>>> print(open('work_23.cif').read())   # mmCIF, C-alpha atoms and all ligand atoms
data_structure
#
loop_
_atom_site.label_atom_id
_atom_site.label_comp_id
_atom_site.auth_asym_id
_atom_site.auth_seq_id
_atom_site.Cartn_x
_atom_site.Cartn_y
_atom_site.Cartn_z
CA MET N 83 22.46 25.69 0.98
CA GLN N 84 23.21 26.04 4.71
CA THR N 85 26.55 24.62 5.77
CA ARG N 86 28.27 23.76 9.04
CA LEU N 87 31.76 22.84 7.94
CA SER N 88 33.96 21.40 10.65
CA ALA N 89 36.65 23.71 12.06
CA GLU N 90 39.29 21.44 10.55
CA PHE N 91 38.22 22.62 7.07
CA LEU N 92 36.92 26.11 7.78
CA ASP N 93 40.39 27.13 8.94
CA THR N 94 41.93 26.25 5.56
CA PRO N 95 41.82 28.12 2.22
CA ASP N 96 40.27 25.06 0.51
CA GLY N 97 37.65 24.74 3.26
CA ARG N 98 36.63 28.39 3.01
CA GLU N 99 36.45 28.11 -0.77
CA ALA N 100 34.33 24.95 -0.55
CA ASP N 101 32.02 26.65 1.95
CA GLY N 102 31.46 29.58 -0.42
CA ILE N 103 30.71 27.20 -3.32
CA LEU N 104 28.32 25.04 -1.28
CA ARG N 105 26.35 28.08 -0.08
CA LYS N 106 25.61 29.03 -3.69
CA CYS N 107 23.82 25.76 -4.42
CA VAL N 108 20.02 26.04 -4.07
CA HIS N 109 19.32 22.28 -4.53
CA CYS N 110 17.22 22.95 -7.64
CA GLY N 111 18.56 19.87 -9.45
CA PHE N 112 18.59 21.52 -12.90
CA CYS N 113 22.14 20.25 -13.32
CA ALA N 114 21.01 16.61 -13.31
CA ALA N 115 19.40 17.09 -16.73
CA THR N 116 22.79 17.49 -18.43
CA CYS N 117 24.87 15.11 -16.31
CA PRO N 118 26.04 12.12 -18.38
CA THR N 119 26.57 9.80 -15.39
CA TYR N 120 23.15 10.61 -13.93
CA GLN N 121 21.58 9.95 -17.32
CA LEU N 122 23.32 6.56 -17.60
CA LEU N 123 23.09 5.34 -14.00
CA GLY N 124 19.89 7.05 -12.80
CA ASP N 125 21.19 7.42 -9.24
CA GLU N 126 20.99 10.85 -7.56
CA LEU N 127 24.40 10.19 -6.01
CA ASP N 128 25.87 9.80 -9.51
CA GLY N 129 24.66 13.26 -10.44
CA PRO N 130 26.03 16.69 -9.47
CA ARG N 131 23.53 17.48 -6.73
CA GLY N 132 24.09 14.12 -5.01
CA ARG N 133 27.86 14.51 -5.24
CA ILE N 134 27.59 18.02 -3.80
CA TYR N 135 25.68 16.58 -0.81
CA LEU N 136 28.30 13.88 -0.34
CA ILE N 137 31.12 16.44 -0.33
CA LYS N 138 29.16 18.70 2.05
CA GLU N 139 28.59 15.83 4.51
CA MET N 140 32.24 14.91 4.34
CA LEU N 141 33.44 18.47 4.97
CA GLU N 142 30.97 18.76 7.85
CA GLY N 143 32.72 15.87 9.54
CA ALA N 144 30.94 12.70 8.36
CA GLU N 145 33.21 9.73 7.78
CA PRO N 146 33.45 9.18 3.98
CA SER N 147 33.03 5.60 2.78
CA ARG N 148 34.16 3.56 -0.22
CA ALA N 149 30.70 4.20 -1.68
CA THR N 150 31.26 7.97 -1.43
CA GLN N 151 34.61 7.53 -3.15
CA LEU N 152 33.01 5.52 -5.96
CA HIS N 153 30.34 8.18 -6.62
CA LEU N 154 33.05 10.85 -6.81
CA ASP N 155 35.28 8.61 -8.98
CA ARG N 156 32.44 8.12 -11.45
CA CYS N 157 32.25 11.88 -12.10
CA LEU N 158 33.80 12.71 -15.49
CA THR N 159 34.69 16.28 -14.42
CA CYS N 160 33.05 17.26 -17.70
CA ARG N 161 31.50 20.30 -15.97
CA ALA N 162 28.32 20.17 -18.07
CA CYS N 163 26.57 20.75 -14.74
CA GLU N 164 28.39 24.08 -14.34
CA THR N 165 27.12 25.24 -17.71
CA THR N 166 23.55 24.34 -16.71
CA CYS N 167 23.61 25.65 -13.13
CA PRO N 168 21.64 28.93 -12.78
CA SER N 169 23.40 29.77 -9.48
CA GLY N 170 26.97 29.70 -10.78
CA VAL N 171 28.13 26.81 -8.57
CA SER N 172 31.80 26.03 -9.31
CA TYR N 173 31.22 22.30 -9.14
CA GLY N 174 34.59 21.35 -10.70
CA ARG N 175 36.53 23.18 -8.01
CA LEU N 176 34.36 21.70 -5.25
CA LEU N 177 34.93 18.21 -6.64
CA ASP N 178 38.71 18.80 -6.65
CA ILE N 179 38.56 19.70 -2.95
CA GLY N 180 36.31 16.74 -2.11
CA ARG N 181 38.43 14.26 -4.03
CA HIS N 182 41.63 15.57 -2.52
CA HIS N 183 40.23 15.03 0.96
CA ILE N 184 38.81 11.57 0.35
CA GLU N 185 42.05 10.44 -1.26
CA ARG N 186 43.77 11.08 2.07
CA VAL N 187 41.26 9.29 4.28
CA VAL N 188 39.76 6.39 2.29
CA PRO N 189 42.34 3.78 1.26
CA ARG N 190 42.23 2.49 -2.30
CA THR N 191 42.33 -1.16 -3.26
CA LEU N 192 45.59 -2.65 -4.49
CA ARG N 193 44.20 -2.84 -8.04
CA GLU N 194 43.28 0.86 -8.01
CA ARG N 195 46.65 1.86 -6.60
CA VAL N 196 48.56 -0.15 -9.19
CA LEU N 197 46.46 1.17 -12.08
CA ARG N 198 46.77 4.78 -10.97
CA ARG N 199 50.50 4.49 -10.45
CA ALA N 200 50.94 2.83 -13.85
CA ILE N 201 49.04 5.67 -15.56
CA LEU N 202 51.07 8.33 -13.76
CA ALA N 203 54.35 6.53 -14.44
CA THR N 204 53.82 6.36 -18.22
CA VAL N 205 51.26 8.67 -19.84
CA PRO N 206 52.57 12.07 -18.66
CA HIS N 207 56.20 11.18 -19.52
CA ARG N 208 56.76 11.85 -23.22
CA ASN N 209 59.73 9.50 -23.68
CA ARG N 210 58.24 6.62 -21.70
CA PHE N 211 54.91 7.01 -23.47
CA ALA N 212 56.70 7.05 -26.85
CA ARG N 213 58.46 3.77 -25.98
CA LEU N 214 55.15 2.22 -24.94
CA MET N 215 53.54 3.30 -28.20
CA ALA N 216 56.49 1.92 -30.18
CA VAL N 217 55.97 -1.49 -28.54
CA GLY N 218 52.24 -1.24 -29.27
CA ARG N 219 52.90 -0.48 -32.92
CA ALA N 220 55.34 -3.38 -33.24
CA LEU N 221 52.67 -5.73 -31.88
CA ARG N 222 49.78 -4.14 -33.76
CA TRP N 223 49.51 -6.98 -36.26
CA LEU N 224 48.86 -9.42 -33.39
CA MET N 225 45.99 -7.38 -31.93
CA PRO N 226 42.27 -7.78 -32.50
CA PRO N 227 40.84 -4.85 -34.56
CA SER N 228 39.21 -3.22 -31.52
CA LEU N 229 42.54 -3.01 -29.66
CA ARG N 230 44.49 -2.13 -32.82
CA ARG N 231 42.49 1.06 -33.16
CA SER N 232 43.76 2.16 -29.73
CA VAL N 233 47.33 2.28 -31.10
CA PRO N 234 47.21 5.17 -33.53
CA ILE N 235 49.35 5.43 -36.66
CA VAL N 236 51.42 8.61 -36.53
CA ARG N 237 50.70 10.81 -39.54
CA PRO N 238 53.48 12.95 -41.06
CA SER N 239 53.62 16.42 -39.54
CA GLY N 240 54.76 18.35 -42.59
CA VAL N 241 57.01 21.37 -42.34
CA TRP N 242 57.11 23.57 -39.23
CA PRO N 243 57.72 27.07 -40.67
CA ALA N 244 61.02 28.69 -39.70
CA PRO N 245 60.48 31.69 -37.38
CA ARG N 246 60.24 34.68 -39.71
CA HIS N 247 57.78 37.01 -38.02
CA GLU N 248 58.40 39.64 -35.40
CA ARG N 249 55.30 38.47 -33.56
CA ARG N 250 55.88 35.21 -31.69
CA MET N 251 53.71 32.93 -29.63
CA LEU N 252 54.68 29.93 -27.54
CA VAL N 253 52.94 26.59 -27.88
CA LEU N 254 52.52 23.85 -25.26
CA THR N 255 54.13 20.65 -26.52
CA GLY N 256 52.96 18.47 -23.61
CA CYS N 257 53.14 14.68 -23.29
CA VAL N 258 50.73 12.48 -25.30
CA GLN N 259 49.99 14.68 -28.30
CA PRO N 260 53.57 15.05 -29.63
CA VAL N 261 53.94 11.25 -29.51
CA VAL N 262 50.73 10.23 -31.28
CA ALA N 263 49.73 13.33 -33.28
CA PRO N 264 52.65 15.73 -33.83
CA ALA N 265 50.83 16.92 -36.97
CA ILE N 266 48.45 18.98 -34.80
CA ASN N 267 50.94 21.54 -33.50
CA ALA N 268 52.69 21.64 -36.89
CA ALA N 269 49.34 22.50 -38.52
CA ALA N 270 48.79 25.23 -35.91
CA ALA N 271 52.26 26.62 -36.67
CA ARG N 272 51.48 26.78 -40.42
CA VAL N 273 48.10 28.46 -39.90
CA LEU N 274 49.54 31.05 -37.50
CA ASP N 275 52.50 31.61 -39.83
CA ARG N 276 50.02 32.62 -42.56
CA LEU N 277 48.46 35.00 -40.06
CA GLY N 278 51.79 36.72 -39.35
CA VAL N 279 52.75 34.91 -36.14
CA SER N 280 55.67 32.50 -35.62
CA LEU N 281 54.90 29.65 -33.26
CA VAL N 282 57.72 28.57 -30.95
CA ALA N 283 57.96 25.26 -29.09
CA VAL N 284 60.28 24.63 -26.13
CA ASP N 285 61.06 21.50 -24.16
CA ASP N 286 58.12 21.56 -21.75
CA GLU N 287 56.25 18.56 -20.33
CA CYS N 288 52.80 17.36 -19.26
CA CYS N 289 50.62 20.31 -18.21
CA GLY N 290 49.87 18.54 -14.90
CA ALA N 291 46.19 17.81 -15.60
CA LEU N 292 46.47 14.04 -15.29
CA ALA N 293 48.11 14.17 -11.86
CA HIS N 294 45.72 16.93 -10.76
CA HIS N 295 42.64 14.88 -11.65
CA LEU N 296 44.10 11.88 -9.83
CA SER N 297 44.46 14.07 -6.72
CA GLN N 298 48.26 13.96 -6.90
CA GLU N 299 48.52 17.66 -6.18
CA GLU N 300 52.21 17.91 -5.37
CA ARG N 301 53.18 15.99 -8.50
CA SER N 302 50.90 18.25 -10.56
CA ARG N 303 52.40 21.39 -8.99
CA ARG N 304 55.92 20.15 -9.82
CA GLN N 305 54.94 19.76 -13.46
CA MET N 306 53.39 23.23 -13.53
CA ARG N 307 56.50 24.81 -12.02
CA ARG N 308 58.80 23.03 -14.48
CA ASN N 309 56.69 24.24 -17.39
CA ILE N 310 56.73 27.80 -16.13
CA ASP N 311 60.54 27.60 -15.92
CA ALA N 312 60.70 26.20 -19.47
CA TRP N 313 58.41 28.91 -20.92
CA TRP N 314 59.66 31.89 -18.97
CA PRO N 315 62.73 32.80 -21.09
CA GLN N 316 60.48 33.01 -24.20
CA ILE N 317 57.97 35.13 -22.32
CA GLU N 318 60.72 37.49 -21.22
CA ARG N 319 61.80 37.71 -24.86
CA GLY N 320 58.33 38.91 -25.82
CA ALA N 321 56.20 35.86 -26.71
CA GLU N 322 52.70 37.34 -26.88
CA ALA N 323 50.67 34.30 -25.91
CA LEU N 324 50.85 30.67 -24.88
CA ILE N 325 48.89 28.65 -27.42
CA VAL N 326 47.40 25.29 -26.45
CA THR N 327 45.95 23.00 -29.12
CA ALA N 328 44.49 20.41 -26.72
CA SER N 329 41.55 21.88 -24.84
CA GLY N 330 42.06 19.48 -21.89
CA CYS N 331 45.54 20.90 -21.36
CA GLY N 332 44.23 24.39 -22.09
CA ALA N 333 41.72 24.18 -19.24
CA MET N 334 44.58 23.22 -16.93
CA VAL N 335 47.01 25.92 -18.12
CA SER N 336 44.29 28.58 -17.86
CA ASP N 337 44.08 27.62 -14.18
CA TYR N 338 47.81 27.72 -13.35
CA GLY N 339 47.31 31.09 -11.65
CA GLY N 340 44.58 29.72 -9.37
CA LEU N 341 46.33 26.44 -8.61
CA LEU N 342 49.66 28.08 -7.69
CA ARG N 343 48.22 31.16 -5.97
CA HIS N 344 49.62 30.12 -2.57
CA ASP N 345 53.11 29.38 -3.94
CA PRO N 346 55.25 32.40 -2.99
CA ALA N 347 57.90 31.62 -5.63
CA TYR N 348 55.54 30.95 -8.56
CA ALA N 349 52.21 32.70 -7.88
CA ARG N 350 53.04 35.81 -9.92
CA LYS N 351 54.48 33.90 -12.86
CA ALA N 352 51.61 31.40 -12.83
CA ALA N 353 49.06 34.23 -12.96
CA ARG N 354 50.95 35.69 -15.94
CA ILE N 355 50.88 32.29 -17.68
CA SER N 356 47.11 32.03 -17.20
CA GLY N 357 46.78 35.52 -18.66
CA LEU N 358 48.88 34.55 -21.69
CA PHE N 359 47.02 31.28 -22.31
CA ARG N 360 45.04 31.15 -25.53
CA ASP N 361 43.19 28.22 -27.05
CA ILE N 362 44.16 27.82 -30.72
CA GLY N 363 40.56 28.42 -31.88
CA ASP N 364 40.39 31.64 -29.94
CA ALA N 365 43.83 32.69 -31.23
CA VAL N 366 42.97 32.12 -34.92
CA THR N 367 39.64 33.93 -34.52
CA ARG N 368 41.32 36.92 -32.85
CA GLU N 369 43.99 37.13 -35.56
CA LEU N 370 41.36 37.01 -38.30
CA ALA N 371 39.53 39.90 -36.59
CA ARG N 372 42.58 42.16 -37.02
CA PRO N 373 42.20 44.72 -39.80
CA GLY N 374 43.73 43.53 -43.07
CA VAL N 375 44.46 40.01 -41.84
CA THR N 376 43.05 37.10 -43.82
CA LEU N 377 43.72 33.44 -44.55
CA HIS N 378 44.05 32.48 -48.19
CA LEU N 379 41.94 29.38 -48.45
CA LYS N 380 41.16 27.09 -51.36
CA ALA N 381 37.83 27.96 -52.98
CA PRO N 382 35.07 25.97 -51.23
CA ARG N 383 33.76 23.14 -53.39
CA GLU N 384 30.08 22.32 -53.66
CA GLY N 385 29.59 19.13 -51.68
CA GLY N 386 32.99 19.51 -49.97
CA PRO N 387 33.89 17.18 -47.09
CA ARG N 388 31.16 16.73 -44.51
CA VAL N 389 32.42 17.12 -40.96
CA ALA N 390 30.81 16.31 -37.60
CA PHE N 391 32.36 18.52 -34.93
CA HIS N 392 32.69 17.20 -31.39
CA SER N 393 33.23 20.06 -28.98
CA PRO N 394 35.21 18.66 -26.01
CA CYS N 395 33.83 19.33 -22.53
CA THR N 396 37.05 21.10 -21.61
CA LEU N 397 36.44 23.50 -24.51
CA GLN N 398 32.72 24.20 -24.08
CA HIS N 399 32.24 23.76 -20.31
CA GLY N 400 35.77 24.22 -18.94
CA LEU N 401 37.04 27.10 -21.08
CA LYS N 402 33.50 28.27 -22.01
CA ILE N 403 34.55 28.54 -25.67
CA ARG N 404 31.48 27.83 -27.79
CA GLY N 405 30.60 28.51 -31.41
CA VAL N 406 34.16 29.52 -32.33
CA ILE N 407 35.47 26.49 -34.28
CA GLU N 408 32.39 25.83 -36.41
CA PRO N 409 32.54 29.16 -38.33
CA LEU N 410 36.25 28.57 -39.03
CA LEU N 411 35.52 25.14 -40.52
CA LYS N 412 32.66 26.54 -42.62
CA ARG N 413 34.89 29.34 -43.85
CA ALA N 414 37.37 26.66 -44.98
CA GLY N 415 34.70 24.98 -47.12
CA TYR N 416 33.61 22.12 -44.85
CA THR N 417 29.95 21.25 -44.48
CA LEU N 418 29.05 20.70 -40.84
CA THR N 419 26.58 17.95 -40.07
CA SER N 420 24.23 18.32 -37.11
CA VAL N 421 25.12 16.48 -33.90
CA ALA N 422 22.52 15.77 -31.21
CA ASP N 423 23.36 16.24 -27.52
CA GLY N 424 26.55 18.14 -28.29
CA HIS N 425 26.86 19.10 -24.61
CA LEU N 426 27.46 15.49 -23.51
CA CYS N 427 30.89 14.03 -22.77
CA CYS N 428 32.39 11.37 -25.09
CA GLY N 429 33.71 9.41 -22.08
CA SER N 430 37.40 10.10 -22.61
CA ALA N 431 37.89 12.51 -19.68
CA GLY N 432 41.64 12.13 -19.09
CA SER N 433 42.30 8.81 -17.39
CA TYR N 434 38.57 8.03 -16.99
CA SER N 435 38.54 5.53 -19.86
CA PHE N 436 41.09 3.42 -17.93
CA LEU N 437 39.52 3.89 -14.51
CA GLN N 438 35.81 3.62 -15.36
CA PRO N 439 35.89 1.62 -18.60
CA ALA N 440 32.25 0.48 -18.70
CA ILE N 441 30.75 3.99 -18.40
CA SER N 442 33.40 5.36 -20.72
CA ARG N 443 32.61 2.77 -23.43
CA GLN N 444 28.88 3.48 -23.23
CA LEU N 445 29.43 7.23 -23.54
CA LYS N 446 31.76 6.67 -26.50
CA ALA N 447 29.16 4.52 -28.27
CA ASN N 448 26.46 7.16 -27.65
CA LYS N 449 28.71 9.97 -28.84
CA LEU N 450 29.79 8.12 -31.99
CA ALA N 451 26.16 7.35 -32.83
CA ALA N 452 25.31 11.07 -32.48
CA LEU N 453 28.33 12.16 -34.53
CA GLU N 454 27.78 9.60 -37.29
CA ALA N 455 24.02 10.18 -37.59
CA GLY N 456 24.51 13.00 -40.12
CA GLY N 457 26.69 10.85 -42.40
CA PRO N 458 29.95 12.85 -42.09
CA ASP N 459 33.10 11.99 -44.03
CA LEU N 460 35.14 12.67 -40.93
CA ILE N 461 34.92 13.80 -37.33
CA ALA N 462 36.73 16.87 -36.01
CA THR N 463 37.49 17.76 -32.43
CA ALA N 464 39.78 20.00 -30.37
CA ASN N 465 41.35 17.74 -27.77
CA ILE N 466 43.80 14.88 -28.17
CA GLY N 467 42.06 12.74 -25.51
CA CYS N 468 38.69 12.92 -27.28
CA LEU N 469 40.39 12.39 -30.65
CA LEU N 470 42.08 9.14 -29.59
CA HIS N 471 39.03 7.92 -27.71
CA LEU N 472 36.62 8.47 -30.62
CA ALA N 473 39.11 7.10 -33.18
CA SER N 474 39.37 3.89 -31.17
CA GLY N 475 35.65 3.23 -31.55
CA GLY N 476 34.57 4.20 -35.04
CA GLU N 477 35.47 3.71 -38.70
CA ARG N 478 35.59 7.36 -39.73
CA PRO N 479 38.82 9.37 -39.47
CA VAL N 480 38.98 11.70 -36.47
CA ARG N 481 41.15 14.80 -36.79
CA HIS N 482 41.90 17.99 -34.91
CA TRP N 483 40.00 20.83 -36.56
CA ILE N 484 43.23 22.87 -37.02
CA GLU N 485 44.51 20.12 -39.34
CA LEU N 486 41.40 20.59 -41.47
CA LEU N 487 41.93 24.35 -41.59
CA ASP N 488 45.60 23.78 -42.50
CA ARG N 489 44.56 21.43 -45.34
CA ALA N 490 42.39 24.18 -46.79
CA LEU N 491 45.23 26.74 -46.98
CA VAL N 492 46.31 27.73 -50.48
CA SER N 493 49.81 26.28 -50.86
S1 LIG Y 501 31.11 17.12 -13.98
FE1 LIG Y 501 29.92 15.98 -15.53
S2 LIG Y 501 29.75 13.88 -14.72
FE2 LIG Y 501 30.43 15.20 -13.01
S3 LIG Y 501 28.55 15.78 -11.94
FE3 LIG Y 501 28.98 17.43 -13.44
S4 LIG Y 501 27.85 16.85 -15.30
FE4 LIG Y 501 27.94 15.01 -13.98
S1 LIG Y 502 21.83 23.44 -10.76
FE1 LIG Y 502 23.33 24.49 -9.45
S2 LIG Y 502 22.12 25.26 -7.72
FE2 LIG Y 502 20.85 23.70 -8.73
S3 LIG Y 502 21.36 21.77 -7.62
FE3 LIG Y 502 22.74 21.88 -9.40
S4 LIG Y 502 24.59 22.86 -8.58
FE4 LIG Y 502 22.93 23.27 -7.07
#
>>> encode(input="work_23.cif", output="structure tokens", more="lines below")
Ligand code: SF4
Ligand code: SF4
Amino acid sequence: MQTRLSAEFLDTPDGREADGILRKCVHCGFCAATCPTYQLLGDELDGPRGRIYLIKEMLEGAEPSRATQLHLDRCLTCRACETTCPSGVSYGRLLDIGRHHIERVVPRTLRERVLRRAILATVPHRNRFARLMAVGRALRWLMPPSLRRSVPIVRPSGVWPAPRHERRMLVLTGCVQPVVAPAINAAAARVLDRLGVSLVAVDDECCGALAHHLSQEERSRRQMRRNIDAWWPQIERGAEALIVTASGCGAMVSDYGGLLRHDPAYARKAARISGLFRDIGDAVTRELARPGVTLHLKAPREGGPRVAFHSPCTLQHGLKIRGVIEPLLKRAGYTLTSVADGHLCCGSAGSYSFLQPAISRQLKANKLAALEAGGPDLIATANIGCLLHLASGGERPVRHWIELLDRALVS
């Protein structure tokens, strides 16, 4: 694609990066075939190619409008289009640049400003979010069933093994997951303990993804820097990896190096963090590939639990991790049911379910229908956002896959 970016952008690192991305796009439109918003809304401007044009026009100097902002807001940042694109267009990065610019020049309505501020003031703050959830639980009995399912019951975590191995890995605690599903990281700690690795948690905070996707870059950078400071002493003491059990946060942490590359005080450390990042599925698979390492699992039962696996977009399109979790679940005796359109987003997408509720609800209904078609006993996934979103819409239990692997360990 030919570009004529205005000097205002071409003189900046973001502008030069956007120019390089835009020039890779050959307008073929293949990406539209896998775009969930294009499929639902049928408007070219609600598909990747249309959004790329809108961003190009804007960076070439055209005045962006509210309509442009809406088409960019409706993007889920699922990055299914990146997986499909034959030219290797980094759409997600281009969208970040476009959204960041439009946020500065197109004012938001009062309702949008209030909603965005409310999300940022609660969700990424563990203690505030915990208080909000406590109020929700106290009022649960007053709620209609549909709303009640949005306030999850916290399941017991079980024992976090005491550190006993020489090999240690850090784990991201984060913001939402420890409040609503602390059992996930505890399960990861037990599985890794059996594999000869002690998992260590420190007092970190939100990975910064929520603020980043709401174009609050400075707030997001502050969270990243604070996390690096929290993790660094453990890294200096020899922690081998930084494990993340929520793929949404994992996609963010894997990008710390890129996002802080212009920060003279943190660029080097951020790049090291990205290098140490490991998704829990990848970590377990790597450990099992070591000579002599195995997991002692209960003998698989004929007709064992049937599981529908939902691979989050951040796992399959963001981190490009595909076909890793399914073999682990099969090894643990679960029968995987087939799921149509596994590449499509469930509609959770960070704060999207609050900001674009109608599209989000439709995508959730479609995803649940696909997951439930094979008659599973339960649904497994790899990201807390997808887990909560799907659990709020269906009758079947939704769990993180590492909890299912942990359940299968011989006690
Ligand atoms: S990120 Fe997802 S929703 Fe956005 S344009 Fe790409 S495929 Fe469509
Ligand atoms: S598939 Fe890639 S090259 Fe083709 S229009 Fe989409 S982004 Fe551009």
>>> residues_around(input="work_23.cif", residues="Arg105 of chain N", least_positions_apart="6", cutoff="8 Å", atoms="only C-alpha atoms", output="list in words")
Met83, Gln84 and Thr85 of chain N
>>> residues_near_ligand(input="work_23.cif", ligand="ligand LIG 502 (chain Y)", cutoff="10 Å", atoms="all atoms listed in the file", output="PyMOL selection string")
chain N and resi 83+103-117+129-135+163-173
>>> residues_near_point(input="work_23.cif", point="(48.6, 31.4, -28.9)", cutoff="12 Å", atoms="only C-alpha atoms", output="number ranges by chain")
N: 249-254, 267, 270-271, 273-275, 277, 279-283, 321-328, 332, 355-369
>>> closest_atom_pairs(input="work_23.cif", of="segment 250-312 of chain N", to="segment 407-431 of chain N", cutoff="12 Å", atoms="only C-alpha atoms", output="tab-separated table")
residue	atom	partner	partner_atom	distance
N:Val273	CA	N:Leu410	CA	11.9
N:Ala291	CA	N:Ala431	CA	10.7
N:Leu292	CA	N:Ala431	CA	9.8
N:His295	CA	N:Ala431	CA	9.6
N:Leu296	CA	N:Ala431	CA	11.7
>>> residues_around(input="work_23.cif", residues="Arg307 of chain N", least_positions_apart="5", cutoff="12 Å", atoms="only C-alpha atoms", output="list in words")
Asp286, Glu287, Cys288, Cys289, Gly290, Glu300, Arg301, Ser302, Ala312, Trp313, Trp314, Val335, Tyr338, Gly339, Leu341, Leu342, Asp345, Pro346, Ala347, Tyr348, Ala349, Arg350, Lys351, Ala352 and Ile355 of chain N
>>> atom_distance(input="work_23.cif", atom1="atom CA of Phe211 of chain N", atom2="atom CA of Ser474 of chain N")
17.6 Å
>>> closest_residue(input="work_23.cif", among="N:Leu470, N:Leu224, N:Cys395, N:Val261", to="ligand LIG 501 (chain Y)", atoms="all atoms listed in the file")
N:Cys395
>>> closest_residue(input="work_23.cif", among="N:Ala100, N:Ala203, N:Leu154, N:Ala162", to="ligand LIG 501 (chain Y)", atoms="all atoms listed in the file")
N:Ala162
>>> atom_distance(input="work_23.cif", atom1="atom CA of Lys380 of chain N", atom2="atom CA of Ile461 of chain N")
20.3 Å
>>> closest_residue(input="work_23.cif", among="N:Ala473, N:Leu136, N:Ala353, N:Leu158", to="ligand LIG 501 (chain Y)", atoms="only C-alpha atoms and all ligand atoms")
N:Leu158
>>> atom_distance(input="work_23.cif", atom1="atom CA of Val492 of chain N", atom2="atom CA of Ser329 of chain N")
26.7 Å
>>> residues_around(input="work_23.cif", residues="segment 193-198 of chain N", least_positions_apart="6", cutoff="9 Å", atoms="only C-alpha atoms", output="compact mmCIF listing (two decimals) with C-alpha atoms, in the coordinates of the input")
# COMPACT_ATOMS: atom_id res chain seq x y z
CA LEU N 296 44.10 11.88 -9.83
CA SER N 433 42.30 8.81 -17.39
CA PHE N 436 41.09 3.42 -17.93
CA LEU N 437 39.52 3.89 -14.51
>>> closest_residue(input="work_23.cif", among="N:Gly97, N:Pro226, N:Gly386, N:Gly405", to="Asp178 of chain N", atoms="all atoms listed in the file")
N:Gly97
>>> closest_residue(input="work_23.cif", among="N:Arg276, N:Arg388, N:Arg319, N:Arg303", to="Leu486 of chain N", atoms="all atoms listed in the file")
N:Arg388
>>> axis_aligned_box(input="work_23.cif", around="segment 170-183 of chain N", padding_each_side="8 Å", output="AutoDock Vina command-line options")
--center_x 34.3 --center_y 22.0 --center_z -4.9 --size_x 30.7 --size_y 31.4 --size_z 27.7
>>> closest_residue(input="work_23.cif", among="N:Pro118, N:Gly102, N:Gly218, N:Pro95", to="ligand LIG 501 (chain Y)", atoms="all atoms listed in the file")
N:Pro118
>>> residues_around(input="work_23.cif", residues="Ser297 of chain N", least_positions_apart="2", cutoff="8 Å", atoms="only C-alpha atoms", output="PyMOL selection string")
chain N and resi 178+181-182+185+293-295+299
>>> write_last_selection(input="work_23.cif", atoms="C-alpha atoms", output="compact mmCIF listing (two decimals), keeping the file's coordinate frame")
# COMPACT_ATOMS: atom_id res chain seq x y z
CA ASP N 178 38.71 18.80 -6.65
CA ARG N 181 38.43 14.26 -4.03
CA HIS N 182 41.63 15.57 -2.52
CA GLU N 185 42.05 10.44 -1.26
CA ALA N 293 48.11 14.17 -11.86
CA HIS N 294 45.72 16.93 -10.76
CA HIS N 295 42.64 14.88 -11.65
CA GLU N 299 48.52 17.66 -6.18
>>> residues_near_point(input="work_23.cif", point="(52.2, 13.0, -33.1)", cutoff="9 Å", atoms="all atoms listed in the file", output="list in words")
Ile235, Val236, Arg237, Pro238, Ser239, Val258, Gln259, Pro260, Val261, Val262, Ala263, Pro264, Ala265, Ile266 and Asn267 of chain N
>>> residues_around(input="work_23.cif", residues="Leu450 of chain N", least_positions_apart="4", cutoff="7 Å", atoms="all atoms listed in the file", output="ChimeraX atom specification")
/N:446,454,472,476
>>> build_atoms(input="work_23.cif", residues="segment 160-168 of chain N", atoms="N, CA and C atoms", output="CSV table (one decimal), in the coordinates of the input")
chain,number,residue,atom,x,y,z
N,160,CYS,N,33.3,16.6,-16.4
N,160,CYS,CA,33.0,17.3,-17.7
N,160,CYS,C,32.5,18.7,-17.5
N,161,ARG,N,32.0,19.0,-16.4
N,161,ARG,CA,31.5,20.3,-16.0
N,161,ARG,C,30.3,20.8,-16.8
N,162,ALA,N,29.6,19.8,-17.4
N,162,ALA,CA,28.3,20.2,-18.1
N,162,ALA,C,27.4,20.8,-17.0
N,163,CYS,N,27.5,20.3,-15.8
N,163,CYS,CA,26.6,20.8,-14.7
N,163,CYS,C,26.8,22.2,-14.5
N,164,GLU,N,28.1,22.7,-14.6
N,164,GLU,CA,28.4,24.1,-14.3
N,164,GLU,C,27.7,25.0,-15.4
N,165,THR,N,27.7,24.5,-16.6
N,165,THR,CA,27.1,25.2,-17.7
N,165,THR,C,25.6,25.4,-17.5
N,166,THR,N,25.0,24.3,-16.9
N,166,THR,CA,23.6,24.3,-16.7
N,166,THR,C,23.1,25.1,-15.4
N,167,CYS,N,24.0,25.1,-14.4
N,167,CYS,CA,23.6,25.6,-13.1
N,167,CYS,C,23.2,27.1,-13.2
N,168,PRO,N,22.0,27.5,-12.8
N,168,PRO,CA,21.6,28.9,-12.8
N,168,PRO,C,22.3,29.7,-11.6
